[in-house]
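Trainee: Contents of structure32.cif (mmCIF, C-alpha atoms and all ligand atoms) are given next:
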```cif
data_input
#
loop_
_atom_site.label_atom_id
_atom_site.label_comp_id
_atom_site.auth_asym_id
_atom_site.auth_seq_id
_atom_site.Cartn_x
_atom_site.Cartn_y
_atom_site.Cartn_z
CA MET G 6 13.26 -22.20 1.47
CA GLN G 7 12.83 -20.24 4.70
CA ILE G 8 13.42 -16.60 3.76
CA SER G 9 13.18 -14.38 0.69
CA ILE G 10 14.63 -10.92 1.17
CA VAL G 11 13.24 -8.45 -1.37
CA VAL G 12 15.24 -5.26 -1.88
CA PRO G 13 13.83 -2.54 -4.18
CA LEU G 14 16.54 -0.16 -5.28
CA PHE G 15 17.04 2.90 -7.41
CA ASN G 16 20.55 4.33 -7.83
CA GLU G 17 22.11 2.66 -4.80
CA GLU G 18 25.43 1.48 -6.25
CA GLU G 19 27.54 2.43 -3.21
CA SER G 20 25.33 0.65 -0.69
CA LEU G 21 24.78 -2.69 -2.41
CA PRO G 22 28.10 -4.50 -1.70
CA GLU G 23 27.93 -3.58 1.97
CA LEU G 24 24.27 -4.54 2.22
CA MET G 25 24.81 -7.90 0.54
CA ALA G 26 27.79 -8.76 2.74
CA TRP G 27 25.81 -7.85 5.84
CA ILE G 28 22.76 -9.91 4.82
CA ASP G 29 25.03 -12.84 3.95
CA ARG G 30 26.73 -12.68 7.34
CA VAL G 31 23.42 -12.71 9.24
CA MET G 32 21.99 -15.52 7.11
CA LYS G 33 25.11 -17.67 7.65
CA GLU G 34 25.14 -17.04 11.40
CA HIS G 35 21.60 -18.40 11.65
CA SER G 36 22.00 -20.88 8.79
CA PHE G 37 18.78 -19.82 7.10
CA SER G 38 18.02 -21.20 3.67
CA HIS G 39 17.35 -18.01 1.76
CA GLU G 40 17.36 -15.95 -1.40
CA VAL G 41 17.97 -12.23 -1.84
CA ILE G 42 15.96 -10.65 -4.65
CA MET G 43 17.32 -7.27 -5.68
CA VAL G 44 14.89 -5.43 -7.92
CA ASP G 45 16.67 -2.67 -9.82
CA ASP G 46 13.98 -0.08 -10.46
CA GLY G 47 15.58 1.37 -13.60
CA SER G 48 18.74 2.77 -11.95
CA LYS G 49 20.75 5.26 -13.95
CA ASP G 50 24.01 4.49 -12.16
CA THR G 51 25.98 1.24 -12.14
CA SER G 52 23.68 -0.56 -9.66
CA TRP G 53 22.84 -3.31 -12.14
CA ARG G 54 26.50 -4.03 -12.91
CA VAL G 55 27.15 -4.18 -9.17
CA ILE G 56 24.33 -6.72 -8.78
CA GLU G 57 25.71 -8.83 -11.62
CA ASN G 58 29.17 -8.82 -10.06
CA LEU G 59 27.86 -9.61 -6.60
CA SER G 60 25.87 -12.56 -7.92
CA ALA G 61 29.13 -14.25 -8.82
CA THR G 62 30.16 -14.17 -5.17
CA TYR G 63 26.75 -14.81 -3.61
CA PRO G 64 24.76 -17.63 -5.23
CA ALA G 65 21.68 -16.72 -3.14
CA LEU G 66 21.45 -13.36 -4.90
CA ARG G 67 18.90 -12.99 -7.68
CA GLY G 68 18.61 -9.78 -9.65
CA ILE G 69 15.70 -8.34 -11.61
CA LYS G 70 16.06 -5.19 -13.68
CA LEU G 71 13.01 -3.16 -14.62
CA GLY G 72 13.01 -1.39 -17.97
CA ARG G 73 12.68 2.04 -16.41
CA ASN G 74 12.03 3.69 -13.07
CA TYR G 75 8.50 2.63 -12.13
CA GLY G 76 8.66 3.42 -8.42
CA LYS G 77 9.15 1.49 -5.21
CA SER G 78 5.68 -0.09 -5.25
CA ALA G 79 6.21 -1.59 -8.69
CA ALA G 80 9.63 -2.91 -7.71
CA LEU G 81 8.17 -4.54 -4.61
CA ASN G 82 5.32 -6.03 -6.59
CA VAL G 83 7.73 -7.66 -9.03
CA GLY G 84 9.87 -8.96 -6.15
CA PHE G 85 6.80 -10.36 -4.39
CA GLY G 86 5.82 -12.24 -7.51
CA GLU G 87 9.23 -13.97 -7.57
CA ALA G 88 9.64 -14.67 -3.86
CA GLN G 89 9.72 -18.37 -2.95
CA GLY G 90 10.59 -18.30 0.74
CA ASP G 91 8.03 -19.18 3.45
CA VAL G 92 8.68 -15.76 4.94
CA VAL G 93 9.22 -12.72 2.74
CA ILE G 94 11.16 -9.80 4.17
CA THR G 95 11.41 -6.41 2.47
CA MET G 96 14.26 -4.04 3.14
CA ASP G 97 15.46 -0.74 1.70
CA ALA G 98 18.78 -0.82 -0.09
CA ASP G 99 20.23 2.30 1.50
CA LEU G 100 21.55 0.64 4.69
CA GLN G 101 18.98 2.51 6.78
CA ASP G 102 17.37 -0.83 7.63
CA SER G 103 19.53 -3.31 9.49
CA PRO G 104 19.71 -6.96 8.35
CA ASP G 105 20.29 -7.86 12.00
CA GLU G 106 16.53 -7.51 12.49
CA VAL G 107 15.79 -10.35 10.07
CA PRO G 108 15.98 -13.32 12.48
CA GLU G 109 13.48 -11.81 14.91
CA LEU G 110 11.15 -10.70 12.09
CA TYR G 111 11.28 -14.28 10.79
CA ARG G 112 10.60 -15.73 14.23
CA MET G 113 7.56 -13.53 14.79
CA ILE G 114 5.94 -14.84 11.60
CA VAL G 115 6.81 -18.48 12.08
CA GLU G 116 6.43 -18.87 15.86
CA ASP G 117 4.08 -16.08 16.94
CA GLY G 118 1.88 -16.66 13.90
CA TYR G 119 1.72 -13.11 12.57
CA ASP G 120 0.63 -12.60 8.95
CA LEU G 121 2.63 -9.40 8.69
CA VAL G 122 5.14 -7.70 10.97
CA SER G 123 6.03 -4.09 10.33
CA GLY G 124 9.13 -2.37 11.60
CA TRP G 125 8.82 0.74 13.71
CA LYS G 126 11.68 3.22 13.46
CA GLN G 127 11.01 4.50 16.95
CA LYS G 128 14.16 6.60 16.91
CA ARG G 129 14.58 8.02 13.43
CA TYR G 130 17.60 9.58 11.86
CA ASP G 131 15.76 11.71 9.33
CA PRO G 132 15.22 15.47 9.14
CA ILE G 133 12.23 16.90 11.01
CA SER G 134 10.65 18.01 7.72
CA LYS G 135 10.05 14.32 7.19
CA THR G 136 9.37 12.95 10.64
CA LEU G 137 6.61 15.41 11.53
CA PRO G 138 4.37 14.95 8.47
CA THR G 139 5.02 11.22 8.79
CA LYS G 140 3.48 11.25 12.27
CA LEU G 141 0.39 12.92 10.84
CA TYR G 142 0.11 10.36 8.06
CA ASN G 143 0.41 7.45 10.39
CA TRP G 144 -2.30 8.89 12.55
CA ALA G 145 -4.58 9.28 9.49
CA ALA G 146 -3.77 5.79 8.25
CA ARG G 147 -4.46 4.32 11.70
CA SER G 148 -7.82 5.97 12.07
CA MET G 149 -8.90 5.13 8.53
CA SER G 150 -7.86 1.49 8.65
CA GLY G 151 -8.55 0.56 12.24
CA ILE G 152 -5.07 -0.97 12.52
CA ASN G 153 -4.39 0.78 15.80
CA ASN G 154 -1.20 -0.96 16.83
CA LEU G 155 1.00 0.31 13.97
CA HIS G 156 3.09 3.44 14.42
CA ASP G 157 4.95 3.36 11.13
CA PHE G 158 2.96 2.11 8.12
CA ASN G 159 5.65 3.02 5.62
CA CYS G 160 8.64 1.33 7.26
CA GLY G 161 10.63 -0.38 4.50
CA LEU G 162 11.52 -3.24 6.81
CA LYS G 163 8.63 -5.68 7.03
CA SER G 164 8.09 -9.42 7.06
CA TYR G 165 5.19 -11.38 5.62
CA LYS G 166 3.89 -14.88 5.27
CA ASN G 167 4.47 -15.81 1.65
CA GLU G 168 0.75 -16.14 0.92
CA VAL G 169 0.19 -12.53 2.03
CA VAL G 170 2.49 -11.05 -0.61
CA LYS G 171 0.97 -13.29 -3.26
CA SER G 172 -2.52 -12.01 -2.57
CA ILE G 173 -1.98 -8.28 -2.56
CA GLU G 174 -1.22 -6.11 -5.54
CA ILE G 175 0.59 -2.82 -5.07
CA TYR G 176 1.06 -0.05 -7.60
CA GLY G 177 1.40 3.73 -7.64
CA GLU G 178 2.67 4.67 -4.20
CA MET G 179 0.67 2.01 -2.41
CA HIS G 180 3.72 0.57 -0.66
CA ARG G 181 2.94 3.08 2.09
CA TYR G 182 -0.25 1.28 2.95
CA ILE G 183 0.55 -2.41 2.54
CA PRO G 184 -0.77 -3.26 6.02
CA ILE G 185 -4.17 -1.85 5.03
CA LEU G 186 -4.25 -3.89 1.83
CA ALA G 187 -3.22 -7.02 3.75
CA LYS G 188 -5.93 -6.46 6.31
CA LYS G 189 -8.57 -6.02 3.62
CA ALA G 190 -7.39 -9.28 2.05
CA GLY G 191 -8.20 -10.98 5.33
CA TYR G 192 -4.76 -11.08 6.92
CA ASP G 193 -5.42 -9.21 10.10
CA LYS G 194 -2.82 -10.62 12.46
CA ILE G 195 -0.52 -7.65 12.09
CA GLY G 196 2.35 -7.05 14.48
CA GLU G 197 5.03 -4.50 15.04
CA LYS G 198 8.67 -4.67 16.01
CA ILE G 199 10.83 -1.74 17.04
CA VAL G 200 13.79 -1.62 14.68
CA HIS G 201 17.04 0.29 14.66
CA HIS G 202 17.27 2.98 12.07
CA GLN G 203 20.36 4.66 10.71
CA ALA G 204 21.03 7.82 8.80
CA ARG G 205 21.46 7.29 5.06
CA LYS G 206 25.10 6.46 4.46
CA TYR G 207 25.41 6.96 0.70
CA GLY G 208 23.38 8.83 -1.88
CA THR G 209 20.24 10.86 -1.18
CA THR G 210 16.58 10.13 -0.55
CA LYS G 211 14.59 9.21 -3.65
CA PHE G 212 11.39 10.84 -2.47
CA GLY G 213 10.96 14.63 -2.37
CA LEU G 214 8.29 16.77 -0.77
CA GLU G 215 5.69 15.56 -3.24
CA ARG G 216 5.63 12.35 -1.21
CA PHE G 217 3.20 13.98 1.18
CA LEU G 218 0.68 15.00 -1.45
CA TYR G 219 0.83 11.64 -3.22
CA GLY G 220 0.73 9.86 0.09
CA LEU G 221 -2.48 11.60 1.07
CA LEU G 222 -4.16 10.96 -2.28
CA ASP G 223 -3.14 7.31 -2.13
CA LEU G 224 -4.54 6.99 1.36
CA LEU G 225 -7.86 8.25 0.01
CA SER G 226 -7.84 5.85 -2.91
CA VAL G 227 -6.78 2.92 -0.75
CA SER G 228 -9.61 3.48 1.67
CA PHE G 229 -12.06 4.15 -1.15
CA MET G 230 -10.99 1.13 -3.20
CA THR G 231 -11.02 -1.28 -0.30
CA ARG G 232 -14.43 -0.14 0.86
CA PHE G 233 -16.39 0.77 -2.23
CA ALA G 234 -14.61 -0.52 -5.33
CA LYS G 235 -17.01 -3.43 -5.66
CA ARG G 236 -20.11 -1.42 -4.71
CA PRO G 237 -19.68 2.24 -5.73
CA MET G 238 -23.44 2.80 -5.87
CA HIS G 239 -23.63 2.44 -2.10
CA LEU G 240 -21.49 5.54 -1.68
CA PHE G 241 -22.49 7.76 -4.60
CA GLY G 242 -26.06 6.56 -4.83
CA GLY G 243 -26.60 7.11 -1.12
CA LEU G 244 -25.06 10.58 -1.10
CA GLY G 245 -26.85 11.51 -4.33
CA ALA G 246 -30.23 10.39 -3.06
CA LEU G 247 -29.70 12.29 0.18
CA CYS G 248 -28.70 15.47 -1.67
CA PHE G 249 -31.64 15.17 -4.03
CA LEU G 250 -34.05 14.62 -1.17
CA ILE G 251 -32.84 17.75 0.64
CA GLY G 252 -33.22 19.82 -2.54
CA PHE G 253 -36.64 18.33 -3.20
CA LEU G 254 -37.92 19.10 0.29
CA ILE G 255 -36.65 22.68 0.04
CA THR G 256 -38.44 23.15 -3.27
CA VAL G 257 -41.67 21.66 -1.97
CA TYR G 258 -41.52 23.93 1.07
CA LEU G 259 -40.89 27.04 -1.04
CA THR G 260 -43.67 26.15 -3.46
CA ILE G 261 -46.22 25.63 -0.71
CA ALA G 262 -45.14 28.81 1.06
CA LYS G 263 -45.41 30.72 -2.19
CA PHE G 264 -48.94 29.58 -2.96
CA ALA G 265 -50.16 29.81 0.63
CA PHE G 266 -48.89 33.33 1.31
CA ASN G 267 -47.70 34.67 -2.03
CA VAL G 268 -45.66 37.35 -0.26
CA TYR G 269 -42.30 36.94 -1.99
CA ARG G 270 -40.76 35.98 -5.25
CA MET G 271 -39.14 32.52 -5.27
CA THR G 272 -35.88 33.91 -6.59
CA ASP G 273 -35.56 36.32 -3.68
CA ARG G 274 -35.08 33.45 -1.28
CA PRO G 275 -31.48 32.18 -0.81
CA LEU G 276 -33.02 28.84 0.03
CA PHE G 277 -34.26 28.58 -3.53
CA TYR G 278 -30.71 28.47 -4.87
CA ILE G 279 -29.60 26.01 -2.24
CA GLY G 280 -32.46 23.71 -3.17
CA LEU G 281 -31.65 24.05 -6.85
CA VAL G 282 -27.97 23.20 -6.39
CA ALA G 283 -28.79 20.30 -4.07
CA ILE G 284 -31.05 18.73 -6.70
CA ILE G 285 -28.47 19.10 -9.46
CA VAL G 286 -25.59 17.81 -7.35
CA GLY G 287 -27.76 14.92 -6.14
CA VAL G 288 -28.55 13.84 -9.70
CA GLN G 289 -24.87 14.15 -10.64
CA LEU G 290 -23.74 12.00 -7.73
CA PHE G 291 -26.36 9.40 -8.48
CA LEU G 292 -25.31 9.22 -12.11
CA SER G 293 -21.61 8.95 -11.13
CA GLY G 294 -22.48 6.04 -8.89
CA PHE G 295 -24.45 4.40 -11.64
CA LEU G 296 -21.59 4.78 -14.12
CA ALA G 297 -19.04 3.51 -11.59
CA GLU G 298 -21.28 0.52 -10.96
CA LEU G 299 -21.43 -0.23 -14.70
CA VAL G 300 -17.64 0.05 -14.94
CA SER G 301 -17.02 -2.24 -12.00
CA ARG G 302 -19.55 -4.74 -13.29
CA SER G 303 -17.85 -5.03 -16.64
CA SER G 304 -14.34 -5.28 -15.18
CA ALA G 305 -12.71 -8.66 -15.58
CA ASP G 306 -11.99 -9.20 -11.90
CA ARG G 307 -15.39 -8.30 -10.51
CA ASN G 308 -15.71 -11.81 -9.13
CA ASN G 309 -12.17 -12.33 -7.92
CA TYR G 310 -12.24 -13.30 -4.30
CA LEU G 311 -9.47 -14.73 -2.20
CA ILE G 312 -10.27 -18.28 -1.25
CA ALA G 313 -8.68 -19.30 2.03
CA LYS G 314 -9.34 -23.03 2.16
CA TYR G 315 -11.09 -25.98 0.53
CA VAL G 316 -12.19 -29.36 1.69
CA ASN G 317 -12.77 -32.09 -0.92
CA ARG G 318 -11.96 -29.75 -3.72
CA ASN G 319 -12.92 -30.73 -7.24
CA PRO G 320 -9.46 -31.31 -8.76
CA SER G 321 -10.59 -30.45 -12.28
CA GLN G 322 -11.33 -26.86 -11.25
CA PRO G 323 -8.73 -24.41 -12.46
CA SER G 324 -6.68 -22.98 -9.62
CA PRO G 325 -7.87 -19.52 -8.57
CA LYS G 326 -5.52 -16.63 -8.12
CA GLY G 327 -4.06 -15.99 -4.71
CA ARG G 328 -4.13 -18.29 -1.74
CA ALA G 329 -5.82 -21.66 -1.99
N1 LIG G 401 13.35 3.15 -4.40
C1 LIG G 401 12.99 2.46 -5.54
N2 LIG G 401 12.38 3.15 -6.58
C2 LIG G 401 12.13 4.49 -6.50
C3 LIG G 401 12.46 5.17 -5.31
C4 LIG G 401 13.08 4.48 -4.29
O1 LIG G 401 13.18 1.25 -5.64
O2 LIG G 401 11.59 5.05 -7.45
C5 LIG G 401 14.01 2.42 -3.30
C6 LIG G 401 15.31 3.08 -2.82
O3 LIG G 401 16.39 2.73 -3.62
C7 LIG G 401 15.42 2.53 -1.42
C8 LIG G 401 13.94 2.44 -0.98
O4 LIG G 401 13.17 2.44 -2.17
O5 LIG G 401 15.96 1.23 -1.41
C9 LIG G 401 13.57 3.60 -0.07
O6 LIG G 401 13.91 4.84 -0.69
P1 LIG G 401 14.57 6.03 0.13
O7 LIG G 401 15.63 5.51 1.05
O8 LIG G 401 14.99 7.07 -0.85
O9 LIG G 401 13.33 6.54 0.96
P2 LIG G 401 13.37 7.20 2.41
O10 LIG G 401 14.22 6.33 3.30
O11 LIG G 401 13.95 8.56 2.21
O12 LIG G 401 11.92 7.20 2.83
MG MG G 402 15.95 5.47 3.03
#
```
As structure tokens, how would this structure be written, given the file I've shared?
Ligand code: UDP
Ligand code: MG

Mentor:
Amino acid sequence: MQISIVVPLFNEEESLPELMAWIDRVMKEHSFSHEVIMVDDGSKDTSWRVIENLSATYPALRGIKLGRNYGKSAALNVGFGEAQGDVVITMDADLQDSPDEVPELYRMIVEDGYDLVSGWKQKRYDPISKTLPTKLYNWAARSMSGINNLHDFNCGLKSYKNEVVKSIEIYGEMHRYIPILAKKAGYDKIGEKIVHHQARKYGTTKFGLERFLYGLLDLLSVSFMTRFAKRPMHLFGGLGALCFLIGFLITVYLTIAKFAFNVYRMTDRPLFYIGLVAIIVGVQLFLSGFLAELVSRSSADRNNYLIAKYVNRNPSQPSPKGRA
């Protein structure tokens, strides 16, 4: 199968028939072998009934219904697990992303050899309250991840090699930073395609202002997890030792000065308190690092690595997770 289109959706009953007809038209025009996986993220409206009805007309449509609303990342993760196509394309259900982009997104993966191609809504039809903070986020994400050629990390329209979606796990609100996760998993051929964007036709946005707070926190945890999850002591231990050393030097200096000149009381010096706090904070940081190290050492996947290739592989070995 050439293409899997994964569509996460939450209360999008009005859009689905139009979206499905549009996808079907594009797929037929290019005679792609394909499947459309609609993941109903616990919709409260009739979305699921619409999917069931549509599946009678479109045999390529597969539906998955989650038990409750878990969020877009969870819906994508479930869809990724099911996707069988060589190229996996994600698309929002609200008709803001155009299925007409699919053939080119497919071509860039298959012919140009990209691991991941992200859409870029260069001209957006969203209110400024959303576009401005988004610019800021993308700048932060770019400088944190070193993926300098992406303008729009959170574009819902993306295409992937199948093995990429099978080797990343997204949860929380991590869908905003999939390119970073892909890069950390070793898939660094990441491209961008300018895509047409449209104003939402039906319904309203599912993300409020809290998206910016959560987005920022998730950016921090993504960059922390990808860098230090397997070696927390390097961060906390290093910082802790540095802090402790500063405090220790201050104390030594004050002690020597006190005994050499004996002109002041220790507690009259502001430096005394700074030294004291530095020592305490240093010990705290060091202990946090030590505890985090213990936690990561006893976690079940401490030795899970993605294996890219084998030669002369021992066939009796159990197959590892991810690509092989
Ligand atoms: N979505 C979802 N679960 C949620 C929230 C959103 O599956 O909890 C889907 C939603 O139905 C849409 C896509 O994620 O298909 C993008 O959501 P939306 O259009 O509201 O985001 P925006 O375009 O405003 O960033
Ligand atoms: Mg939208």

Trainee: Please identify the residues whose atoms come within 6 Å of ligand LIG 401 (chain G), using only C-alpha atoms and all ligand atoms, and report them as a list in words.

Mentor: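 Listed by chain and ascending number, the contacts are Pro13, Leu14, Phe15, Glu17, Asp46, Asn74, Gly76, Lys77, Ala80, Asp97, Ala98, Asp99, Thr210, Lys211 and Phe212 of chain G.
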
Trainee: Could you list, as an MDAnalysis selection string, all residues that come within 12 Å of ligand MG 402 (chain G)? Count only C-alpha atoms and all ligand atoms.

Mentor: chainID G and resid 12:17 20 77 96:103 126 129:132 135 159:162 202:213

Trainee: For CA of Pro237 (chain G) and CA of Phe291 (chain G), determine how far apart the two atoms are, in Å to one decimal place.

Mentor: 10.2 Å

Trainee: By how many Å are CA of Arg147 (chain G) and CA of Gly86 (chain G) apart?

Mentor: 27.4 Å

Trainee: Box for region 45-58 of chain G - axis-aligned, 4 Å on each of the six sides, all listed atoms - centre and size in Å to one decimal, as AutoDock Vina command-line options.

Mentor:
```
--center_x 21.6 --center_y -1.8 --center_z -11.4 --size_x 23.2 --size_y 22.1 --size_z 13.2
```

Trainee: Select, from G:Leu276, G:His39, G:Asn319, G:Leu247, the residue with the minimum atom-to-atom distance to Thr260 (chain G), counting only C-alpha atoms.

Mentor: G:Leu276

Trainee: In Å, rounded to a single decimal, give me how far CA of Arg307 (chain G) is from CA of Lys163 (chain G).

Mentor: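 The value is 29.9 Å.
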
Trainee: I want to know what sits within 9 Å of Phe295 (chain G), based on all atoms listed in the file, with residues of the same chain fewer than 6 positions away left out; could you give that as JSON, numbers by chain?

Mentor: {"G": [237, 238, 241, 242]}

Trainee: Excluding same-chain residues fewer than 5 positions from Pro22 (chain G), what lies within 9 Å of it counting all atoms listed in the file, as an MDAnalysis selection string?

Mentor: chainID G and resid 27 55:56 59

Trainee: Find, counting only C-alpha atoms, the residue in G:Asp91, G:Asp120, G:Asp29, G:Asp50 that gets nearest to Pro64 (chain G).

Mentor: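 Distance minimum relative to Pro64 (chain G) lands on G:Asp29.
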